[in-house]
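Heads up: the structure comes next, in structure tokens.
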Amino acid sequence: MERIETINLKTETDALEAGHGITLYTFDEYGRLIHYAHIIASTPKEREDGYADYFLTIFKGGDDMRRFDPDDGNDYPNFESIIESIKTIWTNTPIWWERDGSVPGVDAGITYDELRGADMLANARKRLENEMRPRGIEPDGEQAVKDAETVRQAGLNAITPSFFELFEDYITEEDSQLAADGVELEARTAWMHEMYRAMLNTLKE
């Protein structure tokens, strides 16, 4: 990752045209990611349809900087115009960048998909913490030390269930409640199918 001032416009324009993407970042004084942006080149078909040569999508932080919401992508006639726009949007802020490894076999840093995946995990972690505290469960501290010792003395072991196991347990519990409420098997089965689709779509977003 390098400072934006080091960008060689000719080199990185060639890289964009070869299929790479470029990601830009800003961080706060504690090193936490605040915003990031992603740049790609439009396809020949998109250019035929009237789009400009390059697309910029900006992701703005929120919710304790653990969730990022994208602005609509904007198109630009050249790479230099994107860099000037970013400097205007993120004024008086150090901006970092690196080239994505979207071309197979090319060494590169973190990819856009990896960043998105890390963002989703951070969201899930924050939601879990928010659910624990109303139940009187502190994520760390004295209570955690005491609980760990009690579990050890009892010969027990706390495991980490997979995300899929948690989702399966939820479906099973809800299906039992629906059956108790008199919902027919056909409707409950269709509901299960829709739950799997909804979860899949969420993970794709």
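Starting from 1 in every chain, residues are counted up; chains themselves are A, B, ... following the order of the structure tokens, and ligands are numbered from 1 as listed.
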
- With a distance cut-off of 12 Å and only C-alpha atoms, select the neighbouring residues of region 174-182 of chain A, excluding the residue or stretch itself and same-chain residues fewer than 6 positions from it, and output the selection as a list in words.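 The residues satisfying every condition are Phe167, Glu168, Arg188, Thr189, Ala190, Trp191, Met192, His193 and Met195 of chain A.
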
- Message: Residues within 12 Å of region 78-88 of chain A, please, as a VMD selection string. Count only C-alpha atoms; anything in the same chain fewer than 4 positions from it doesn't count.
- Response: chain A and resid 3 to 17 21 to 26 35 to 42 51 to 59 73 to 74 92 to 97

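Atom pair CA of Asp140 (chain A) / CA of Arg127 (chain A): separated by 15.7 Å.
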
- Query: What residues in region 151-194 of chain A get the DSSP label helix (DSSP H, G or I)? Please answer as a VMD selection string.
  - Reply: chain A and resid 151 to 153 163 to 180 185 to 194

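In this comparison, which uses only C-alpha atoms, the residue of A:Ala18, A:Ile171, A:Val183, A:Ala124 approaching Tyr196 (chain A) most closely is A:Ile171.
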
Using DSSP on the backbone, list every residue of region 5-163 of chain A that comes out as strand (DSSP E), and give them as a tab-separated table (two decimals) with all heavy atoms, in the first residue's frame.
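Heads up, here's the output in result.tsv:
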chain	number	residue	atom	x	y	z
A	22	ILE	N	-8.08	-0.83	-8.93
A	22	ILE	CA	-7.27	-0.08	-7.99
A	22	ILE	C	-8.15	0.31	-6.81
A	22	ILE	O	-9.28	0.78	-7.01
A	22	ILE	CB	-6.65	1.17	-8.65
A	22	ILE	CG1	-5.60	0.74	-9.68
A	22	ILE	CG2	-6.02	2.09	-7.60
A	22	ILE	CD1	-5.01	1.88	-10.47
A	23	THR	N	-7.68	0.09	-5.60
A	23	THR	CA	-8.42	0.44	-4.40
A	23	THR	C	-7.68	1.53	-3.64
A	23	THR	O	-6.46	1.49	-3.51
A	23	THR	CB	-8.61	-0.78	-3.47
A	23	THR	OG1	-9.20	-1.85	-4.22
A	23	THR	CG2	-9.51	-0.45	-2.30
A	24	LEU	N	-8.44	2.52	-3.18
A	24	LEU	CA	-7.89	3.63	-2.40
A	24	LEU	C	-8.52	3.61	-1.02
A	24	LEU	O	-9.67	3.21	-0.85
A	24	LEU	CB	-8.16	4.97	-3.09
A	24	LEU	CG	-7.65	5.08	-4.52
A	24	LEU	CD1	-8.81	4.92	-5.50
A	24	LEU	CD2	-6.95	6.41	-4.76
A	25	TYR	N	-7.76	4.06	0.00
A	25	TYR	CA	-8.21	3.98	1.38
A	25	TYR	C	-7.91	5.28	2.13
A	25	TYR	O	-6.95	5.97	1.83
A	25	TYR	CB	-7.48	2.87	2.15
A	25	TYR	CG	-7.34	1.55	1.44
A	25	TYR	CD1	-6.30	1.32	0.53
A	25	TYR	CD2	-8.22	0.52	1.70
A	25	TYR	CE1	-6.17	0.10	-0.11
A	25	TYR	CE2	-8.09	-0.72	1.07
A	25	TYR	CZ	-7.06	-0.92	0.17
A	25	TYR	OH	-6.93	-2.12	-0.45
A	26	THR	N	-8.72	5.56	3.16
A	26	THR	CA	-8.36	6.56	4.16
A	26	THR	C	-8.54	5.93	5.53
A	26	THR	O	-9.42	5.08	5.73
A	26	THR	CB	-9.23	7.83	4.08
A	26	THR	OG1	-10.58	7.51	4.46
A	26	THR	CG2	-9.22	8.42	2.68
A	27	PHE	N	-7.69	6.32	6.48
A	27	PHE	CA	-7.72	5.78	7.84
A	27	PHE	C	-7.79	6.92	8.85
A	27	PHE	O	-7.37	8.05	8.56
A	27	PHE	CB	-6.46	4.95	8.10
A	27	PHE	CG	-6.28	3.79	7.17
A	27	PHE	CD1	-5.60	3.95	5.97
A	27	PHE	CD2	-6.79	2.54	7.47
A	27	PHE	CE1	-5.43	2.90	5.09
A	27	PHE	CE2	-6.62	1.48	6.59
A	27	PHE	CZ	-5.95	1.65	5.41
A	33	LEU	N	-9.92	1.84	9.22
A	33	LEU	CA	-10.39	2.21	7.89
A	33	LEU	C	-11.63	3.10	7.99
A	33	LEU	O	-12.59	2.76	8.69
A	33	LEU	CB	-10.71	0.95	7.10
A	33	LEU	CG	-11.16	1.12	5.65
A	33	LEU	CD1	-10.05	1.76	4.83
A	33	LEU	CD2	-11.55	-0.23	5.06
A	34	ILE	N	-11.61	4.24	7.32
A	34	ILE	CA	-12.76	5.15	7.32
A	34	ILE	C	-13.54	5.01	6.01
A	34	ILE	O	-14.75	4.79	6.01
A	34	ILE	CB	-12.31	6.61	7.49
A	34	ILE	CG1	-11.50	6.78	8.78
A	34	ILE	CG2	-13.51	7.54	7.50
A	34	ILE	CD1	-10.92	8.19	8.94
A	35	HIS	N	-12.86	5.18	4.89
A	35	HIS	CA	-13.50	5.08	3.58
A	35	HIS	C	-12.59	4.26	2.66
A	35	HIS	O	-11.39	4.18	2.88
A	35	HIS	CB	-13.68	6.45	2.92
A	35	HIS	CG	-14.30	7.48	3.78
A	35	HIS	ND1	-15.57	7.37	4.30
A	35	HIS	CD2	-13.85	8.68	4.20
A	35	HIS	CE1	-15.86	8.44	5.01
A	35	HIS	NE2	-14.82	9.25	4.97
A	36	TYR	N	-13.20	3.69	1.63
A	36	TYR	CA	-12.37	3.15	0.55
A	36	TYR	C	-13.11	3.34	-0.77
A	36	TYR	O	-14.33	3.57	-0.79
A	36	TYR	CB	-11.97	1.70	0.77
A	36	TYR	CG	-13.08	0.67	0.76
A	36	TYR	CD1	-13.41	-0.01	-0.40
A	36	TYR	CD2	-13.75	0.34	1.93
A	36	TYR	CE1	-14.40	-0.97	-0.40
A	36	TYR	CE2	-14.74	-0.63	1.93
A	36	TYR	CZ	-15.06	-1.28	0.77
A	36	TYR	OH	-16.04	-2.25	0.76
A	37	ALA	N	-12.37	3.30	-1.83
A	37	ALA	CA	-12.94	3.49	-3.16
A	37	ALA	C	-12.34	2.47	-4.10
A	37	ALA	O	-11.23	1.98	-3.88
A	37	ALA	CB	-12.66	4.91	-3.66
A	38	HIS	N	-13.08	2.14	-5.15
A	38	HIS	CA	-12.61	1.13	-6.09
A	38	HIS	C	-12.73	1.67	-7.51
A	38	HIS	O	-13.74	2.27	-7.88
A	38	HIS	CB	-13.44	-0.14	-5.95
A	38	HIS	CG	-12.84	-1.33	-6.58
A	38	HIS	ND1	-13.44	-2.04	-7.58
A	38	HIS	CD2	-11.65	-1.94	-6.36
A	38	HIS	CE1	-12.66	-3.04	-7.95
A	38	HIS	NE2	-11.57	-3.00	-7.23
A	39	ILE	N	-11.67	1.47	-8.29
A	39	ILE	CA	-11.61	1.97	-9.67
A	39	ILE	C	-11.44	0.79	-10.62
A	39	ILE	O	-10.59	-0.08	-10.39
A	39	ILE	CB	-10.41	2.93	-9.86
A	39	ILE	CG1	-10.48	4.08	-8.85
A	39	ILE	CG2	-10.38	3.47	-11.28
A	39	ILE	CD1	-9.19	4.88	-8.77
A	40	ILE	N	-12.23	0.76	-11.67
A	40	ILE	CA	-12.07	-0.25	-12.72
A	40	ILE	C	-12.25	0.42	-14.07
A	40	ILE	O	-12.82	1.51	-14.17
A	40	ILE	CB	-13.09	-1.41	-12.59
A	40	ILE	CG1	-14.53	-0.87	-12.63
A	40	ILE	CG2	-12.83	-2.23	-11.33
A	40	ILE	CD1	-15.57	-1.96	-12.73
A	41	ALA	N	-11.77	-0.24	-15.10
A	41	ALA	CA	-11.97	0.24	-16.46
A	41	ALA	C	-13.28	-0.34	-17.01
A	41	ALA	O	-13.64	-1.48	-16.71
A	41	ALA	CB	-10.80	-0.17	-17.34
A	54	TYR	N	-13.64	4.86	-17.32
A	54	TYR	CA	-13.33	4.34	-15.99
A	54	TYR	C	-14.47	4.60	-15.01
A	54	TYR	O	-15.17	5.61	-15.11
A	54	TYR	CB	-12.02	4.97	-15.45
A	54	TYR	CG	-10.87	4.75	-16.39
A	54	TYR	CD1	-10.50	5.73	-17.30
A	54	TYR	CD2	-10.18	3.54	-16.39
A	54	TYR	CE1	-9.46	5.52	-18.19
A	54	TYR	CE2	-9.14	3.32	-17.27
A	54	TYR	CZ	-8.79	4.30	-18.17
A	54	TYR	OH	-7.78	4.07	-19.06
A	55	PHE	N	-14.62	3.66	-14.06
A	55	PHE	CA	-15.66	3.78	-13.04
A	55	PHE	C	-15.03	3.93	-11.66
A	55	PHE	O	-14.04	3.26	-11.33
A	55	PHE	CB	-16.55	2.53	-13.03
A	55	PHE	CG	-17.42	2.38	-14.25
A	55	PHE	CD1	-17.26	1.29	-15.09
A	55	PHE	CD2	-18.38	3.32	-14.55
A	55	PHE	CE1	-18.06	1.13	-16.21
A	55	PHE	CE2	-19.20	3.17	-15.67
A	55	PHE	CZ	-19.03	2.07	-16.50
A	56	LEU	N	-15.62	4.78	-10.87
A	56	LEU	CA	-15.20	4.97	-9.48
A	56	LEU	C	-16.39	4.75	-8.57
A	56	LEU	O	-17.44	5.35	-8.75
A	56	LEU	CB	-14.67	6.40	-9.27
A	56	LEU	CG	-14.49	6.86	-7.82
A	56	LEU	CD1	-13.33	6.11	-7.17
A	56	LEU	CD2	-14.27	8.37	-7.76
A	57	THR	N	-16.25	3.85	-7.59
A	57	THR	CA	-17.28	3.64	-6.57
A	57	THR	C	-16.67	3.93	-5.21
A	57	THR	O	-15.62	3.38	-4.87
A	57	THR	CB	-17.81	2.19	-6.60
A	57	THR	OG1	-18.29	1.89	-7.90
A	57	THR	CG2	-18.94	2.01	-5.59
A	58	ILE	N	-17.32	4.79	-4.44
A	58	ILE	CA	-16.81	5.20	-3.13
A	58	ILE	C	-17.65	4.55	-2.03
A	58	ILE	O	-18.88	4.58	-2.08
A	58	ILE	CB	-16.84	6.72	-2.98
A	58	ILE	CG1	-15.93	7.37	-4.02
A	58	ILE	CG2	-16.40	7.14	-1.58
A	58	ILE	CD1	-15.99	8.88	-4.03
A	59	PHE	N	-16.98	3.98	-1.04
A	59	PHE	CA	-17.64	3.36	0.09
A	59	PHE	C	-17.37	4.20	1.34
A	59	PHE	O	-16.23	4.40	1.72
A	59	PHE	CB	-17.14	1.93	0.29
A	59	PHE	CG	-17.51	1.03	-0.85
A	59	PHE	CD1	-16.81	1.05	-2.04
A	59	PHE	CD2	-18.58	0.16	-0.74
A	59	PHE	CE1	-17.14	0.25	-3.10
A	59	PHE	CE2	-18.94	-0.65	-1.80
A	59	PHE	CZ	-18.22	-0.61	-2.99
A	60	LYS	N	-18.44	4.67	1.96
A	60	LYS	CA	-18.31	5.56	3.11
A	60	LYS	C	-18.62	4.79	4.39
A	60	LYS	O	-19.60	4.06	4.46
A	60	LYS	CB	-19.27	6.75	2.97
A	60	LYS	CG	-18.95	7.62	1.75
A	60	LYS	CD	-19.91	8.79	1.66
A	60	LYS	CE	-19.54	9.68	0.48
A	60	LYS	NZ	-20.45	10.83	0.34
A	61	GLY	N	-17.78	4.98	5.41
A	61	GLY	CA	-17.93	4.25	6.65
A	61	GLY	C	-19.08	4.76	7.49
A	61	GLY	O	-19.53	5.89	7.39
A	62	GLY	N	-19.55	3.90	8.38
A	62	GLY	CA	-20.59	4.24	9.33
A	62	GLY	C	-20.71	3.13	10.34
A	62	GLY	O	-20.04	2.11	10.25
A	67	ARG	N	-19.21	-0.78	8.90
A	67	ARG	CA	-20.09	-1.03	7.75
A	67	ARG	C	-19.82	0.04	6.70
A	67	ARG	O	-19.62	1.19	7.02
A	67	ARG	CB	-21.55	-0.98	8.18
A	67	ARG	CG	-22.52	-1.26	7.05
A	67	ARG	CD	-23.94	-1.29	7.57
A	67	ARG	NE	-24.87	-1.56	6.49
A	67	ARG	CZ	-25.16	-2.75	6.04
A	67	ARG	NH1	-24.57	-3.81	6.54
A	67	ARG	NH2	-26.04	-2.92	5.06
A	68	PHE	N	-19.84	-0.36	5.44
A	68	PHE	CA	-19.53	0.58	4.37
A	68	PHE	C	-20.65	0.55	3.33
A	68	PHE	O	-21.03	-0.51	2.84
A	68	PHE	CB	-18.19	0.21	3.72
A	68	PHE	CG	-17.04	0.42	4.65
A	68	PHE	CD1	-16.67	-0.56	5.54
A	68	PHE	CD2	-16.34	1.61	4.65
A	68	PHE	CE1	-15.62	-0.37	6.42
A	68	PHE	CE2	-15.29	1.81	5.53
A	68	PHE	CZ	-14.93	0.82	6.41
A	69	ASP	N	-21.19	1.73	3.06
A	69	ASP	CA	-22.29	1.85	2.12
A	69	ASP	C	-21.80	2.54	0.85
A	69	ASP	O	-21.24	3.63	0.91
A	69	ASP	CB	-23.42	2.66	2.73
A	69	ASP	CG	-23.96	1.99	3.98
A	69	ASP	OD1	-24.26	0.78	3.91
A	69	ASP	OD2	-24.08	2.67	5.01
A	70	PRO	N	-22.02	1.93	-0.32
A	70	PRO	CA	-21.48	2.50	-1.55
A	70	PRO	C	-22.33	3.63	-2.11
A	70	PRO	O	-23.56	3.58	-2.06
A	70	PRO	CB	-21.49	1.30	-2.50
A	70	PRO	CG	-22.62	0.45	-2.02
A	70	PRO	CD	-22.65	0.61	-0.52
A	74	ASN	N	-19.57	6.39	-10.44
A	74	ASN	CA	-19.50	7.49	-11.40
A	74	ASN	C	-18.46	7.15	-12.46
A	74	ASN	O	-17.44	6.54	-12.17
A	74	ASN	CB	-19.14	8.79	-10.71
A	74	ASN	CG	-20.22	9.24	-9.74
A	74	ASN	OD1	-21.39	9.24	-10.08
A	74	ASN	ND2	-19.82	9.59	-8.53
A	75	ASP	N	-18.73	7.57	-13.69
A	75	ASP	CA	-17.76	7.28	-14.76
A	75	ASP	C	-16.94	8.52	-15.10
A	75	ASP	O	-17.40	9.65	-14.94
A	75	ASP	CB	-18.44	6.70	-16.00
A	75	ASP	CG	-19.58	7.57	-16.50
A	75	ASP	OD1	-19.99	8.50	-15.78
A	75	ASP	OD2	-20.07	7.31	-17.62
A	76	TYR	N	-15.70	8.27	-15.54
A	76	TYR	CA	-14.73	9.33	-15.80
A	76	TYR	C	-14.04	9.07	-17.13
A	76	TYR	O	-13.85	7.92	-17.52
A	76	TYR	CB	-13.68	9.38	-14.68
A	76	TYR	CG	-14.23	9.86	-13.36
A	76	TYR	CD1	-14.89	9.00	-12.50
A	76	TYR	CD2	-14.10	11.19	-12.97
A	76	TYR	CE1	-15.39	9.44	-11.28
A	76	TYR	CE2	-14.60	11.65	-11.75
A	76	TYR	CZ	-15.24	10.77	-10.92
A	76	TYR	OH	-15.75	11.21	-9.72
A	96	TRP	N	-4.27	6.36	0.66
A	96	TRP	CA	-3.40	5.24	0.30
A	96	TRP	C	-4.04	4.47	-0.85
A	96	TRP	O	-5.26	4.50	-1.03
A	96	TRP	CB	-3.19	4.32	1.50
A	96	TRP	CG	-2.58	5.02	2.67
A	96	TRP	CD1	-3.21	5.81	3.58
A	96	TRP	CD2	-1.20	5.02	3.04
A	96	TRP	NE1	-2.31	6.30	4.50
A	96	TRP	CE2	-1.08	5.84	4.20
A	96	TRP	CE3	-0.06	4.41	2.51
A	96	TRP	CZ2	0.15	6.04	4.83
A	96	TRP	CZ3	1.16	4.62	3.14
A	96	TRP	CH2	1.26	5.43	4.29
A	97	TRP	N	-3.23	3.74	-1.60
A	97	TRP	CA	-3.76	2.99	-2.73
A	97	TRP	C	-2.95	1.72	-2.95
A	97	TRP	O	-1.82	1.59	-2.49
A	97	TRP	CB	-3.73	3.82	-4.01
A	97	TRP	CG	-2.34	3.99	-4.57
A	97	TRP	CD1	-1.39	4.87	-4.14
A	97	TRP	CD2	-1.72	3.23	-5.61
A	97	TRP	NE1	-0.23	4.72	-4.84
A	97	TRP	CE2	-0.40	3.73	-5.76
A	97	TRP	CE3	-2.16	2.20	-6.43
A	97	TRP	CZ2	0.47	3.19	-6.71
A	97	TRP	CZ3	-1.28	1.67	-7.37
A	97	TRP	CH2	0.01	2.18	-7.51
A	98	GLU	N	-3.57	0.77	-3.63
A	98	GLU	CA	-2.84	-0.40	-4.13
A	98	GLU	C	-3.62	-1.03	-5.27
A	98	GLU	O	-4.84	-0.86	-5.38
A	98	GLU	CB	-2.55	-1.42	-3.04
A	98	GLU	CG	-3.75	-2.04	-2.39
A	98	GLU	CD	-3.35	-2.95	-1.24
A	98	GLU	OE1	-2.18	-3.34	-1.16
A	98	GLU	OE2	-4.22	-3.25	-0.41
A	99	ARG	N	-2.90	-1.73	-6.09
A	99	ARG	CA	-3.51	-2.37	-7.25
A	99	ARG	C	-4.07	-3.73	-6.85
A	99	ARG	O	-3.44	-4.49	-6.13
A	99	ARG	CB	-2.45	-2.56	-8.33
A	99	ARG	CG	-3.01	-3.02	-9.67
A	99	ARG	CD	-1.90	-3.40	-10.63
A	99	ARG	NE	-0.97	-2.30	-10.88
A	99	ARG	CZ	0.16	-2.45	-11.56
A	99	ARG	NH1	0.50	-3.64	-12.02
A	99	ARG	NH2	0.94	-1.42	-11.77

- Atom pair CA of Arg133 (chain A) / CA of Ala148 (chain A): separation (Å): 17.5 Å
